[in-house]
Amino acid sequence: QLQASGGGLVQAGGSLRLSCAASGRTFSSYVMGWFRQAPGKEREFVAVIMRSGGTTYYADSVKGRFFTSRDNAKNTVYLQMNSPKPEDTAVYYCAAREEATTRYVYWGQGTQVTVSS
């Protein structure tokens, strides 16, 4: 199970850190991704971090502003949101997949992030 937290209201240009805690003993074997869905829009990819945490990829819209990291000892993945913009307002989800596939099989419940201008 994945439990996302840390969402809330933040001013544009501020910062916010989302967390996603996983239960189970195999967290380190999963690739962890972040996605978001704004009202009326489809869910979109935000960031992904590989199992060891050494490799990350980002959507162009957040590159250089958002950073993902993980602590395998704590079974937790993070999304640091710096200089958020109003267009970053969305429900943010964490998800897990096996490295050999592209399909995310476990999803968190989502946490709302609202960026005010």
# chains A, B, ... in the order shown; residues from 1 in each chain; ligands from 1
>>> residues_around(residues="segment 19-30 of chain A", least_positions_apart="3", cutoff="9 Å", atoms="only C-alpha atoms", output="PyMOL selection string")
chain A and resi 1-7+50-52+71-80+93-99+108
>>> write_last_selection(atoms="N, CA and C atoms", output="mmCIF file, in the first residue's frame")
data_model
loop_
_atom_site.group_PDB
_atom_site.id
_atom_site.type_symbol
_atom_site.label_atom_id
_atom_site.label_comp_id
_atom_site.auth_asym_id
_atom_site.auth_seq_id
_atom_site.Cartn_x
_atom_site.Cartn_y
_atom_site.Cartn_z
ATOM 1 N N GLN A 1 0.833 -1.199 0.000
ATOM 2 C CA GLN A 1 0.000 0.000 0.000
ATOM 3 C C GLN A 1 0.865 1.245 0.000
ATOM 4 N N LEU A 2 0.366 2.276 -0.657
ATOM 5 C CA LEU A 2 1.065 3.551 -0.724
ATOM 6 C C LEU A 2 0.204 4.634 -0.109
ATOM 7 N N GLN A 3 0.822 5.466 0.693
ATOM 8 C CA GLN A 3 0.103 6.535 1.388
ATOM 9 C C GLN A 3 0.809 7.847 1.114
ATOM 10 N N ALA A 4 0.172 8.678 0.304
ATOM 11 C CA ALA A 4 0.745 9.982 -0.020
ATOM 12 C C ALA A 4 0.290 11.020 0.990
ATOM 13 N N SER A 5 1.167 11.967 1.273
ATOM 14 C CA SER A 5 0.835 13.038 2.210
ATOM 15 C C SER A 5 1.673 14.267 1.883
ATOM 16 N N GLY A 6 1.340 15.363 2.558
ATOM 17 C CA GLY A 6 2.121 16.579 2.397
ATOM 18 C C GLY A 6 1.500 17.633 1.508
ATOM 19 N N GLY A 7 0.381 17.324 0.907
ATOM 20 C CA GLY A 7 -0.264 18.303 0.048
ATOM 21 C C GLY A 7 -0.876 19.433 0.858
ATOM 22 N N MET A 50 14.411 5.554 -9.974
ATOM 23 C CA MET A 50 14.720 4.144 -10.062
ATOM 24 C C MET A 50 14.967 3.555 -8.679
ATOM 25 N N ARG A 51 15.151 2.266 -8.630
ATOM 26 C CA ARG A 51 15.169 1.549 -7.357
ATOM 27 C C ARG A 51 16.213 2.046 -6.377
ATOM 28 N N SER A 52 17.406 2.290 -6.854
ATOM 29 C CA SER A 52 18.478 2.714 -5.949
ATOM 30 C C SER A 52 18.433 4.193 -5.638
ATOM 31 N N ASP A 71 14.075 7.151 0.278
ATOM 32 C CA ASP A 71 14.820 6.601 1.393
ATOM 33 C C ASP A 71 14.335 5.166 1.556
ATOM 34 N N ASN A 72 15.084 4.243 1.031
ATOM 35 C CA ASN A 72 14.645 2.844 1.061
ATOM 36 C C ASN A 72 14.601 2.276 2.475
ATOM 37 N N ALA A 73 15.383 2.834 3.366
ATOM 38 C CA ALA A 73 15.348 2.378 4.752
ATOM 39 C C ALA A 73 14.043 2.768 5.432
ATOM 40 N N LYS A 74 13.445 3.853 4.950
ATOM 41 C CA LYS A 74 12.181 4.327 5.521
ATOM 42 C C LYS A 74 10.986 3.997 4.642
ATOM 43 N N ASN A 75 11.231 3.279 3.547
ATOM 44 C CA ASN A 75 10.139 2.922 2.623
ATOM 45 C C ASN A 75 9.354 4.156 2.174
ATOM 46 N N THR A 76 10.068 5.222 1.863
ATOM 47 C CA THR A 76 9.416 6.481 1.542
ATOM 48 C C THR A 76 10.063 7.129 0.326
ATOM 49 N N VAL A 77 9.217 7.682 -0.513
ATOM 50 C CA VAL A 77 9.674 8.470 -1.651
ATOM 51 C C VAL A 77 9.130 9.886 -1.483
ATOM 52 N N TYR A 78 9.900 10.849 -1.960
ATOM 53 C CA TYR A 78 9.561 12.257 -1.769
ATOM 54 C C TYR A 78 9.483 12.981 -3.103
ATOM 55 N N LEU A 79 8.690 14.034 -3.105
ATOM 56 C CA LEU A 79 8.675 14.944 -4.248
ATOM 57 C C LEU A 79 8.811 16.356 -3.688
ATOM 58 N N GLN A 80 9.963 16.939 -3.884
ATOM 59 C CA GLN A 80 10.216 18.315 -3.460
ATOM 60 C C GLN A 80 9.771 19.242 -4.571
ATOM 61 N N TYR A 93 -0.267 11.854 -7.180
ATOM 62 C CA TYR A 93 -0.286 10.446 -6.836
ATOM 63 C C TYR A 93 1.116 9.860 -6.911
ATOM 64 N N CYS A 94 1.406 8.974 -5.993
ATOM 65 C CA CYS A 94 2.608 8.166 -6.133
ATOM 66 C C CYS A 94 2.190 6.777 -6.601
ATOM 67 N N ALA A 95 3.107 6.119 -7.264
ATOM 68 C CA ALA A 95 2.809 4.809 -7.821
ATOM 69 C C ALA A 95 4.081 3.979 -7.882
ATOM 70 N N ALA A 96 3.910 2.677 -7.942
ATOM 71 C CA ALA A 96 5.057 1.766 -7.948
ATOM 72 C C ALA A 96 4.943 0.772 -9.095
ATOM 73 N N ARG A 97 6.071 0.461 -9.677
ATOM 74 C CA ARG A 97 6.117 -0.565 -10.730
ATOM 75 C C ARG A 97 7.415 -1.345 -10.623
ATOM 76 N N GLU A 98 7.415 -2.498 -11.249
ATOM 77 C CA GLU A 98 8.650 -3.263 -11.343
ATOM 78 C C GLU A 98 9.516 -2.663 -12.437
ATOM 79 N N GLU A 99 10.806 -2.815 -12.287
ATOM 80 C CA GLU A 99 11.724 -2.172 -13.211
ATOM 81 C C GLU A 99 11.590 -2.695 -14.638
ATOM 82 N N GLY A 108 -1.060 5.227 -4.805
ATOM 83 C CA GLY A 108 -1.494 5.862 -3.583
ATOM 84 C C GLY A 108 -2.835 6.545 -3.785
#
>>> select_by_dssp(residues="chain A", states="helix (DSSP H, G or I)", output="list in words")
Phe27, Ser28, Ser29, Pro86, Glu87 and Asp88 of chain A
>>> closest_residue(among="A:Met81, A:Leu18, A:Met32, A:Val10", to="Tyr57 of chain A", atoms="only C-alpha atoms")
A:Met32
>>> closest_residue(among="A:Ile49, A:Glu42, A:Thr114, A:Arg70", to="Pro86 of chain A", atoms="only C-alpha atoms")
A:Thr114
>>> closest_residue(among="A:Trp34, A:Val115, A:Thr55, A:Phe45", to="Lys85 of chain A", atoms="only C-alpha atoms")
A:Val115
>>> closest_residue(among="A:Gln11, A:Gln112, A:Thr68, A:Thr102", to="Gly54 of chain A", atoms="only C-alpha atoms")
A:Thr68
>>> closest_residue(among="A:Ser69, A:Gln37, A:Thr56, A:Gln109", to="Thr89 of chain A", atoms="only C-alpha atoms")
A:Gln37
>>> select_by_dssp(residues="chain A", states="strand (DSSP E)", output="PyMOL selection string")
chain A and resi 2-5+8-11+15-22+30-37+44-49+56-58+66-71+76-82+90-98+106-107+111-116
>>> write_last_selection(atoms="C-alpha atoms", output="PDB file, in the first residue's frame")
ATOM      1  CA  LEU A   2       1.065   3.551  -0.724  1.00  0.00           C
ATOM      2  CA  GLN A   3       0.103   6.535   1.388  1.00  0.00           C
ATOM      3  CA  ALA A   4       0.745   9.982  -0.020  1.00  0.00           C
ATOM      4  CA  SER A   5       0.835  13.038   2.210  1.00  0.00           C
ATOM      5  CA  GLY A   8      -1.920  21.594   0.812  1.00  0.00           C
ATOM      6  CA  LEU A   9      -2.090  25.226  -0.190  1.00  0.00           C
ATOM      7  CA  VAL A  10       1.150  26.894  -1.215  1.00  0.00           C
ATOM      8  CA  GLN A  11       1.918  30.255  -2.745  1.00  0.00           C
ATOM      9  CA  SER A  15       7.984  25.167  -1.737  1.00  0.00           C
ATOM     10  CA  LEU A  16       6.244  22.009  -0.670  1.00  0.00           C
ATOM     11  CA  ARG A  17       7.385  18.459  -0.083  1.00  0.00           C
ATOM     12  CA  LEU A  18       5.193  15.484  -0.731  1.00  0.00           C
ATOM     13  CA  SER A  19       5.859  12.119   0.851  1.00  0.00           C
ATOM     14  CA  CYS A  20       4.713   8.669  -0.097  1.00  0.00           C
ATOM     15  CA  ALA A  21       5.102   5.925   2.459  1.00  0.00           C
ATOM     16  CA  ALA A  22       4.958   2.308   1.392  1.00  0.00           C
ATOM     17  CA  TYR A  30      10.142  -1.006  -7.078  1.00  0.00           C
ATOM     18  CA  VAL A  31      10.536   1.965  -9.350  1.00  0.00           C
ATOM     19  CA  MET A  32       8.524   4.834  -7.898  1.00  0.00           C
ATOM     20  CA  GLY A  33       6.672   7.394  -9.947  1.00  0.00           C
ATOM     21  CA  TRP A  34       4.772  10.601  -9.338  1.00  0.00           C
ATOM     22  CA  PHE A  35       1.759  11.588 -11.385  1.00  0.00           C
ATOM     23  CA  ARG A  36      -0.802  14.344 -11.154  1.00  0.00           C
ATOM     24  CA  GLN A  37      -4.281  15.065 -12.367  1.00  0.00           C
ATOM     25  CA  GLU A  44       0.066  13.015 -16.391  1.00  0.00           C
ATOM     26  CA  PHE A  45       3.542  11.878 -15.522  1.00  0.00           C
ATOM     27  CA  VAL A  46       5.579  14.111 -13.228  1.00  0.00           C
ATOM     28  CA  ALA A  47       8.699  12.228 -12.139  1.00  0.00           C
ATOM     29  CA  VAL A  48      10.184   8.799 -11.649  1.00  0.00           C
ATOM     30  CA  ILE A  49      13.014   7.462  -9.537  1.00  0.00           C
ATOM     31  CA  THR A  56      15.540  10.171 -11.972  1.00  0.00           C
ATOM     32  CA  TYR A  57      13.490  11.520 -14.863  1.00  0.00           C
ATOM     33  CA  TYR A  58      11.112  14.458 -14.981  1.00  0.00           C
ATOM     34  CA  PHE A  66      10.690  19.496  -8.776  1.00  0.00           C
ATOM     35  CA  PHE A  67      13.002  16.841  -7.401  1.00  0.00           C
ATOM     36  CA  THR A  68      12.225  13.303  -6.345  1.00  0.00           C
ATOM     37  CA  SER A  69      14.218  11.220  -3.906  1.00  0.00           C
ATOM     38  CA  ARG A  70      13.747   8.077  -1.884  1.00  0.00           C
ATOM     39  CA  ASP A  71      14.820   6.601   1.393  1.00  0.00           C
ATOM     40  CA  THR A  76       9.416   6.481   1.542  1.00  0.00           C
ATOM     41  CA  VAL A  77       9.674   8.470  -1.651  1.00  0.00           C
ATOM     42  CA  TYR A  78       9.561  12.257  -1.769  1.00  0.00           C
ATOM     43  CA  LEU A  79       8.675  14.944  -4.248  1.00  0.00           C
ATOM     44  CA  GLN A  80      10.216  18.315  -3.460  1.00  0.00           C
ATOM     45  CA  MET A  81       8.265  21.022  -5.224  1.00  0.00           C
ATOM     46  CA  ASN A  82      10.196  24.270  -5.554  1.00  0.00           C
ATOM     47  CA  ALA A  90      -3.560  19.037  -9.082  1.00  0.00           C
ATOM     48  CA  VAL A  91      -4.036  15.875  -7.120  1.00  0.00           C
ATOM     49  CA  TYR A  92      -0.642  14.205  -6.891  1.00  0.00           C
ATOM     50  CA  TYR A  93      -0.286  10.446  -6.836  1.00  0.00           C
ATOM     51  CA  CYS A  94       2.608   8.166  -6.133  1.00  0.00           C
ATOM     52  CA  ALA A  95       2.809   4.809  -7.821  1.00  0.00           C
ATOM     53  CA  ALA A  96       5.057   1.766  -7.948  1.00  0.00           C
ATOM     54  CA  ARG A  97       6.117  -0.565 -10.730  1.00  0.00           C
ATOM     55  CA  GLU A  98       8.650  -3.263 -11.343  1.00  0.00           C
ATOM     56  CA  TYR A 106       0.312   0.095  -7.017  1.00  0.00           C
ATOM     57  CA  TRP A 107      -1.156   3.560  -6.551  1.00  0.00           C
ATOM     58  CA  THR A 111      -2.880  14.318  -2.148  1.00  0.00           C
ATOM     59  CA  GLN A 112      -4.235  17.700  -3.247  1.00  0.00           C
ATOM     60  CA  VAL A 113      -1.790  20.477  -4.048  1.00  0.00           C
ATOM     61  CA  THR A 114      -3.170  23.945  -4.665  1.00  0.00           C
ATOM     62  CA  VAL A 115      -0.845  26.721  -5.774  1.00  0.00           C
ATOM     63  CA  SER A 116      -2.121  30.241  -5.322  1.00  0.00           C
TER      64      SER A 116
END
